[in-house]
Amino acid sequence: MNGKKYFFSGIAVGAALLLALYLLAITARPYIKPLINSFIQRPLEVDEKIGEIMEILDNHYINEYRTDLMVESMFRGMVAGVGDPYTYYFDPESFAEFMQQSEGVYAGIGVVVAVDEADNLVTVVTPYEGSPGKLAGLQAGDKFIMIDGNDVSDKKLEDVTSMTKGPPGTHVTITVYRPSENRTFELEIIRDTIKIPTVAHRMLDHNVGYIRIVSFERVTLEQFQNALEELNGSGMEGLIIDLRNNPGGLLDVVVKITDELVPEGVIVYTEDKNGKREYFNAGKNHLGIPLTILVNGNSASASEVLSGAVKDHNVAELVGMTTFGKGIVQNIFRLSDGSAVKVTISKYFTPNGVCIQSEGIEPDYIVEMDETMSLRIGELTFEEDVQLQKALEVTLNKIK
């Protein structure tokens, strides 16, 4: 335990700003201490309080503890203290995994997950076809309760997804609650290399193409272009793009895809804290056939960039439910030790100057769908999918 009094304590994230400043106080005390004291009006100076806490732990805590993990917890607490769920800290390992997944290739179980706001549990949105998770029996709507014996019911989304990843061939045991059957069970899944199939496509009746985009990753543009080329080659006369349950992804990727759908002009622009704007524009060429976009309450961020652009350019109508309402942009700032901070840096606006943060985009045609059914987008039959039925009707009317 020698020397531990010179490290910070990883105490509750709820005291995030104070925790983060602990680390700054230790590592740059001569320079940062006046700044710390200007922010925190406490009877005890920060470094003195750190010493008190570490002395208590050294003298009374019954188990061994790792100061490196405590320090990492304090970094997470510092960034969490800004109160923005989209601004957070990556330790070096989790950042490497994040960057790997953003490229569209990683090793894991191959499922898209999101936090269900009703119970704050990490919930399967889509298991990729042929993925280890799908083959093991995971279904949309399944909720992660434990991973390898560790309770994950109160963990952040990125922490849970990190626990599901690992080298190909390794095993992970996930305890799942399935609401549709009201039962809890375990699945043992063998991880594998996942090349994320972010795009699926097929031809519907009357030569109407259907493209579903699961997320906007680095591989998505090529997959979208291949789908578009194949459908065009089959005589496509109209197109439905399904963005339901698409949580977003890379801004540059969605801009390039949207460029193929809208005429010359603004696709989206961003505005930072100083009022500086950056515009992303489309070229002259675009698809030019009847287009309909499917959205729901889980269509967020980059999905809303595309939806807002086609709606403002009057090249498509939207069918489904009001989108999530995430009109803010994050950027990654790498740190010298391989860690990183993901920070909300600007708001984005549709071509008509609408910022949909916390508001969402309302469809032209509201079509409600049961929540259980909504979680099964991609698995529904055409007869079950009332939103897709409406989108086909809208597209056919435009073709006629």
# chains A, B, ... in the order shown; residues from 1 in each chain; ligands from 1

call {"tool": "closest_atom_pairs", "arguments": {"of": "stretch 283-341 of chain A", "to": "stretch 211-227 of chain A", "cutoff": "10 Å", "atoms": "only C-alpha atoms", "output": "JSON lines"}}
result
{"residue": "A:Ile293", "atom": "CA", "partner": "A:Ile211", "partner_atom": "CA", "distance": 9.7}
{"residue": "A:Leu294", "atom": "CA", "partner": "A:Arg212", "partner_atom": "CA", "distance": 9.0}
{"residue": "A:Ser299", "atom": "CA", "partner": "A:Ser215", "partner_atom": "CA", "distance": 9.6}
{"residue": "A:Ala300", "atom": "CA", "partner": "A:Ser215", "partner_atom": "CA", "distance": 9.8}
{"residue": "A:Ser301", "atom": "CA", "partner": "A:Phe216", "partner_atom": "CA", "distance": 10.0}
{"residue": "A:Ala302", "atom": "CA", "partner": "A:Phe216", "partner_atom": "CA", "distance": 7.2}
{"residue": "A:Ser303", "atom": "CA", "partner": "A:Ser215", "partner_atom": "CA", "distance": 8.1}

call {"tool": "select_by_dssp", "arguments": {"residues": "stretch 29-259 of chain A", "states": "helix (DSSP H, G or I)", "output": "PyMOL selection string"}}
result
chain A and resi 29-39+46-60+67-80+92-102+132-136+157-164+205-207+220-233+251-259

call {"tool": "closest_atom_pairs", "arguments": {"of": "stretch 33-135 of chain A", "to": "stretch 344-365 of chain A", "cutoff": "10 Å", "atoms": "only C-alpha atoms", "output": "Markdown table"}}
result
| residue | atom | partner | partner_atom | distance |
| --- | --- | --- | --- | --- |
| A:Asp84 | CA | A:Thr344 | CA | 8.0 |
| A:Pro85 | CA | A:Thr344 | CA | 9.4 |
| A:Tyr86 | CA | A:Thr344 | CA | 6.6 |
| A:Thr87 | CA | A:Thr344 | CA | 5.8 |
| A:Tyr88 | CA | A:Thr344 | CA | 9.2 |

call {"tool": "write_last_selection", "arguments": {"atoms": "N, CA and C atoms", "output": "compact mmCIF listing (two decimals), in the first residue's frame"}}
result
# COMPACT_ATOMS: atom_id res chain seq x y z
N ASP A 84 -23.44 15.98 -19.63
CA ASP A 84 -23.86 15.68 -20.99
C ASP A 84 -23.65 14.19 -21.25
N PRO A 85 -24.71 13.42 -21.51
CA PRO A 85 -24.53 11.97 -21.70
C PRO A 85 -23.72 11.61 -22.94
N TYR A 86 -23.51 12.57 -23.84
CA TYR A 86 -22.76 12.28 -25.07
C TYR A 86 -21.29 12.72 -24.97
N THR A 87 -20.92 13.30 -23.85
CA THR A 87 -19.53 13.70 -23.61
C THR A 87 -18.95 12.77 -22.55
N TYR A 88 -17.94 11.99 -22.92
CA TYR A 88 -17.40 11.05 -21.95
C TYR A 88 -15.94 10.70 -22.26

call {"tool": "atom_distance", "arguments": {"atom1": "atom CA of A:Met236", "atom2": "atom CA of A:Thr292"}}
result
13.5 Å

call {"tool": "residues_around", "arguments": {"residues": "A:Glu393", "least_positions_apart": "3", "cutoff": "12 Å", "atoms": "only C-alpha atoms", "output": "ChimeraX atom specification"}}
result
/A:204-206,208,238-240,290-292,317,319,365,386-390,396-400

call {"tool": "select_by_dssp", "arguments": {"residues": "stretch 265-377 of chain A", "states": "strand (DSSP E)", "output": "PyMOL selection string"}}
result
chain A and resi 265-272+277-282+291-295+316-320+328-334+340-349+365-366

call {"tool": "atom_distance", "arguments": {"atom1": "atom CA of A:Ser339", "atom2": "atom CA of A:Arg66"}}
result
18.6 Å

call {"tool": "closest_residue", "arguments": {"among": "A:Ile145, A:Leu243, A:Ile194, A:Val266", "to": "A:Gln100", "atoms": "only C-alpha atoms"}}
result
A:Ile194

call {"tool": "atom_distance", "arguments": {"atom1": "atom CA of A:Glu93", "atom2": "atom CA of A:Val125"}}
result
24.8 Å

call {"tool": "closest_residue", "arguments": {"among": "A:Gly275, A:Gly327, A:Pro132, A:Pro263", "to": "A:Asn314", "atoms": "only C-alpha atoms"}}
result
A:Pro263

call {"tool": "closest_residue", "arguments": {"among": "A:Glu129, A:Glu304, A:Asp272, A:Asp337", "to": "A:Thr198", "atoms": "only C-alpha atoms"}}
result
A:Glu129

call {"tool": "decode", "arguments": {"residues": "stretch 169-281 of chain A", "atoms": "C-alpha atoms", "output": "PDB file, in the first residue's frame"}}
result
ATOM      1  CA  GLY A 169     -12.703 -17.640 -30.273  1.00  0.00           C
ATOM      2  CA  THR A 170     -13.102 -16.501 -26.658  1.00  0.00           C
ATOM      3  CA  HIS A 171     -16.301 -17.115 -24.726  1.00  0.00           C
ATOM      4  CA  VAL A 172     -18.644 -14.662 -23.045  1.00  0.00           C
ATOM      5  CA  THR A 173     -21.630 -15.676 -20.913  1.00  0.00           C
ATOM      6  CA  ILE A 174     -24.554 -13.257 -20.960  1.00  0.00           C
ATOM      7  CA  THR A 175     -27.538 -13.448 -18.626  1.00  0.00           C
ATOM      8  CA  VAL A 176     -30.533 -12.187 -20.587  1.00  0.00           C
ATOM      9  CA  TYR A 177     -34.043 -11.159 -19.614  1.00  0.00           C
ATOM     10  CA  ARG A 178     -36.579 -11.644 -22.416  1.00  0.00           C
ATOM     11  CA  PRO A 179     -39.709  -9.565 -21.682  1.00  0.00           C
ATOM     12  CA  SER A 180     -41.791 -11.247 -24.377  1.00  0.00           C
ATOM     13  CA  GLU A 181     -41.426 -14.561 -22.527  1.00  0.00           C
ATOM     14  CA  ASN A 182     -40.970 -13.132 -19.011  1.00  0.00           C
ATOM     15  CA  ARG A 183     -37.931 -15.290 -18.339  1.00  0.00           C
ATOM     16  CA  THR A 184     -34.234 -14.919 -17.575  1.00  0.00           C
ATOM     17  CA  PHE A 185     -31.635 -17.282 -18.997  1.00  0.00           C
ATOM     18  CA  GLU A 186     -27.943 -17.589 -19.863  1.00  0.00           C
ATOM     19  CA  LEU A 187     -26.338 -17.713 -23.298  1.00  0.00           C
ATOM     20  CA  GLU A 188     -22.740 -18.718 -23.887  1.00  0.00           C
ATOM     21  CA  ILE A 189     -21.466 -16.972 -26.997  1.00  0.00           C
ATOM     22  CA  ILE A 190     -18.191 -17.498 -28.842  1.00  0.00           C
ATOM     23  CA  ARG A 191     -16.830 -14.164 -30.067  1.00  0.00           C
ATOM     24  CA  ASP A 192     -15.795 -13.784 -33.676  1.00  0.00           C
ATOM     25  CA  THR A 193     -14.563 -11.091 -36.055  1.00  0.00           C
ATOM     26  CA  ILE A 194     -17.541  -8.981 -37.058  1.00  0.00           C
ATOM     27  CA  LYS A 195     -17.655  -7.022 -40.292  1.00  0.00           C
ATOM     28  CA  ILE A 196     -20.700  -4.996 -39.532  1.00  0.00           C
ATOM     29  CA  PRO A 197     -23.443  -5.462 -42.150  1.00  0.00           C
ATOM     30  CA  THR A 198     -24.799  -1.944 -41.782  1.00  0.00           C
ATOM     31  CA  VAL A 199     -26.885  -2.089 -44.967  1.00  0.00           C
ATOM     32  CA  ALA A 200     -29.508  -4.595 -46.113  1.00  0.00           C
ATOM     33  CA  HIS A 201     -31.543  -4.352 -49.313  1.00  0.00           C
ATOM     34  CA  ARG A 202     -34.156  -6.086 -51.420  1.00  0.00           C
ATOM     35  CA  MET A 203     -36.695  -5.330 -54.138  1.00  0.00           C
ATOM     36  CA  LEU A 204     -40.306  -4.943 -53.052  1.00  0.00           C
ATOM     37  CA  ASP A 205     -43.360  -5.251 -55.293  1.00  0.00           C
ATOM     38  CA  HIS A 206     -43.785  -2.918 -58.273  1.00  0.00           C
ATOM     39  CA  ASN A 207     -40.015  -2.330 -58.615  1.00  0.00           C
ATOM     40  CA  VAL A 208     -39.708  -0.369 -55.374  1.00  0.00           C
ATOM     41  CA  GLY A 209     -36.293  -0.814 -53.814  1.00  0.00           C
ATOM     42  CA  TYR A 210     -35.795  -1.116 -50.054  1.00  0.00           C
ATOM     43  CA  ILE A 211     -32.539  -0.233 -48.270  1.00  0.00           C
ATOM     44  CA  ARG A 212     -32.189  -0.503 -44.524  1.00  0.00           C
ATOM     45  CA  ILE A 213     -29.262   1.337 -42.902  1.00  0.00           C
ATOM     46  CA  VAL A 214     -28.528   0.073 -39.377  1.00  0.00           C
ATOM     47  CA  SER A 215     -25.862   2.689 -38.557  1.00  0.00           C
ATOM     48  CA  PHE A 216     -23.445   5.019 -40.328  1.00  0.00           C
ATOM     49  CA  GLU A 217     -20.013   3.433 -39.960  1.00  0.00           C
ATOM     50  CA  ARG A 218     -16.943   3.660 -42.190  1.00  0.00           C
ATOM     51  CA  VAL A 219     -18.097   0.599 -44.179  1.00  0.00           C
ATOM     52  CA  THR A 220     -21.625   1.928 -44.701  1.00  0.00           C
ATOM     53  CA  LEU A 221     -20.966   4.137 -47.730  1.00  0.00           C
ATOM     54  CA  GLU A 222     -19.610   1.291 -49.859  1.00  0.00           C
ATOM     55  CA  GLN A 223     -22.373  -1.040 -48.701  1.00  0.00           C
ATOM     56  CA  PHE A 224     -25.020   1.584 -49.543  1.00  0.00           C
ATOM     57  CA  GLN A 225     -23.548   2.261 -52.981  1.00  0.00           C
ATOM     58  CA  ASN A 226     -23.434  -1.463 -53.749  1.00  0.00           C
ATOM     59  CA  ALA A 227     -27.082  -1.849 -52.716  1.00  0.00           C
ATOM     60  CA  LEU A 228     -28.103   1.149 -54.808  1.00  0.00           C
ATOM     61  CA  GLU A 229     -26.235  -0.158 -57.852  1.00  0.00           C
ATOM     62  CA  GLU A 230     -27.800  -3.591 -57.569  1.00  0.00           C
ATOM     63  CA  LEU A 231     -31.325  -2.203 -57.199  1.00  0.00           C
ATOM     64  CA  ASN A 232     -30.834   0.212 -60.094  1.00  0.00           C
ATOM     65  CA  GLY A 233     -29.625  -2.692 -62.196  1.00  0.00           C
ATOM     66  CA  SER A 234     -32.844  -4.543 -61.408  1.00  0.00           C
ATOM     67  CA  GLY A 235     -35.063  -1.753 -62.719  1.00  0.00           C
ATOM     68  CA  MET A 236     -35.818   0.174 -59.519  1.00  0.00           C
ATOM     69  CA  GLU A 237     -38.486   2.876 -60.030  1.00  0.00           C
ATOM     70  CA  GLY A 238     -38.785   4.110 -56.455  1.00  0.00           C
ATOM     71  CA  LEU A 239     -36.814   3.717 -53.211  1.00  0.00           C
ATOM     72  CA  ILE A 240     -37.586   3.334 -49.512  1.00  0.00           C
ATOM     73  CA  ILE A 241     -34.704   3.959 -47.089  1.00  0.00           C
ATOM     74  CA  ASP A 242     -35.318   2.524 -43.625  1.00  0.00           C
ATOM     75  CA  LEU A 243     -33.601   4.457 -40.808  1.00  0.00           C
ATOM     76  CA  ARG A 244     -35.689   3.025 -37.977  1.00  0.00           C
ATOM     77  CA  ASN A 245     -33.640   2.153 -34.879  1.00  0.00           C
ATOM     78  CA  ASN A 246     -30.557   3.722 -36.509  1.00  0.00           C
ATOM     79  CA  PRO A 247     -28.703   5.529 -33.685  1.00  0.00           C
ATOM     80  CA  GLY A 248     -26.440   7.529 -36.022  1.00  0.00           C
ATOM     81  CA  GLY A 249     -22.718   7.310 -36.587  1.00  0.00           C
ATOM     82  CA  LEU A 250     -20.136   9.200 -38.631  1.00  0.00           C
ATOM     83  CA  LEU A 251     -21.145  12.608 -39.964  1.00  0.00           C
ATOM     84  CA  ASP A 252     -18.900  12.468 -43.033  1.00  0.00           C
ATOM     85  CA  VAL A 253     -20.433   9.121 -44.046  1.00  0.00           C
ATOM     86  CA  VAL A 254     -24.047  10.276 -43.801  1.00  0.00           C
ATOM     87  CA  VAL A 255     -23.149  13.448 -45.717  1.00  0.00           C
ATOM     88  CA  LYS A 256     -21.741  11.381 -48.604  1.00  0.00           C
ATOM     89  CA  ILE A 257     -24.814   9.143 -48.681  1.00  0.00           C
ATOM     90  CA  THR A 258     -27.192  12.096 -48.525  1.00  0.00           C
ATOM     91  CA  ASP A 259     -25.243  13.723 -51.374  1.00  0.00           C
ATOM     92  CA  GLU A 260     -26.534  10.933 -53.612  1.00  0.00           C
ATOM     93  CA  LEU A 261     -30.146  11.684 -52.676  1.00  0.00           C
ATOM     94  CA  VAL A 262     -30.557  15.473 -52.718  1.00  0.00           C
ATOM     95  CA  PRO A 263     -29.936  18.122 -55.387  1.00  0.00           C
ATOM     96  CA  GLU A 264     -27.209  20.744 -55.200  1.00  0.00           C
ATOM     97  CA  GLY A 265     -27.303  22.738 -51.976  1.00  0.00           C
ATOM     98  CA  VAL A 266     -26.831  22.462 -48.229  1.00  0.00           C
ATOM     99  CA  ILE A 267     -27.097  19.025 -46.640  1.00  0.00           C
ATOM    100  CA  VAL A 268     -26.447  20.156 -43.074  1.00  0.00           C
ATOM    101  CA  TYR A 269     -24.501  22.807 -41.239  1.00  0.00           C
ATOM    102  CA  THR A 270     -23.024  22.906 -37.761  1.00  0.00           C
ATOM    103  CA  GLU A 271     -22.575  25.791 -35.339  1.00  0.00           C
ATOM    104  CA  ASP A 272     -20.113  25.767 -32.434  1.00  0.00           C
ATOM    105  CA  LYS A 273     -20.144  27.620 -29.111  1.00  0.00           C
ATOM    106  CA  ASN A 274     -18.668  30.731 -30.757  1.00  0.00           C
ATOM    107  CA  GLY A 275     -21.263  30.829 -33.512  1.00  0.00           C
ATOM    108  CA  LYS A 276     -18.854  29.574 -36.172  1.00  0.00           C
ATOM    109  CA  ARG A 277     -20.628  27.581 -38.866  1.00  0.00           C
ATOM    110  CA  GLU A 278     -19.427  24.758 -41.097  1.00  0.00           C
ATOM    111  CA  TYR A 279     -21.490  23.849 -44.159  1.00  0.00           C
ATOM    112  CA  PHE A 280     -21.708  20.445 -45.846  1.00  0.00           C
ATOM    113  CA  ASN A 281     -23.040  20.653 -49.397  1.00  0.00           C
TER     114      ASN A 281
END
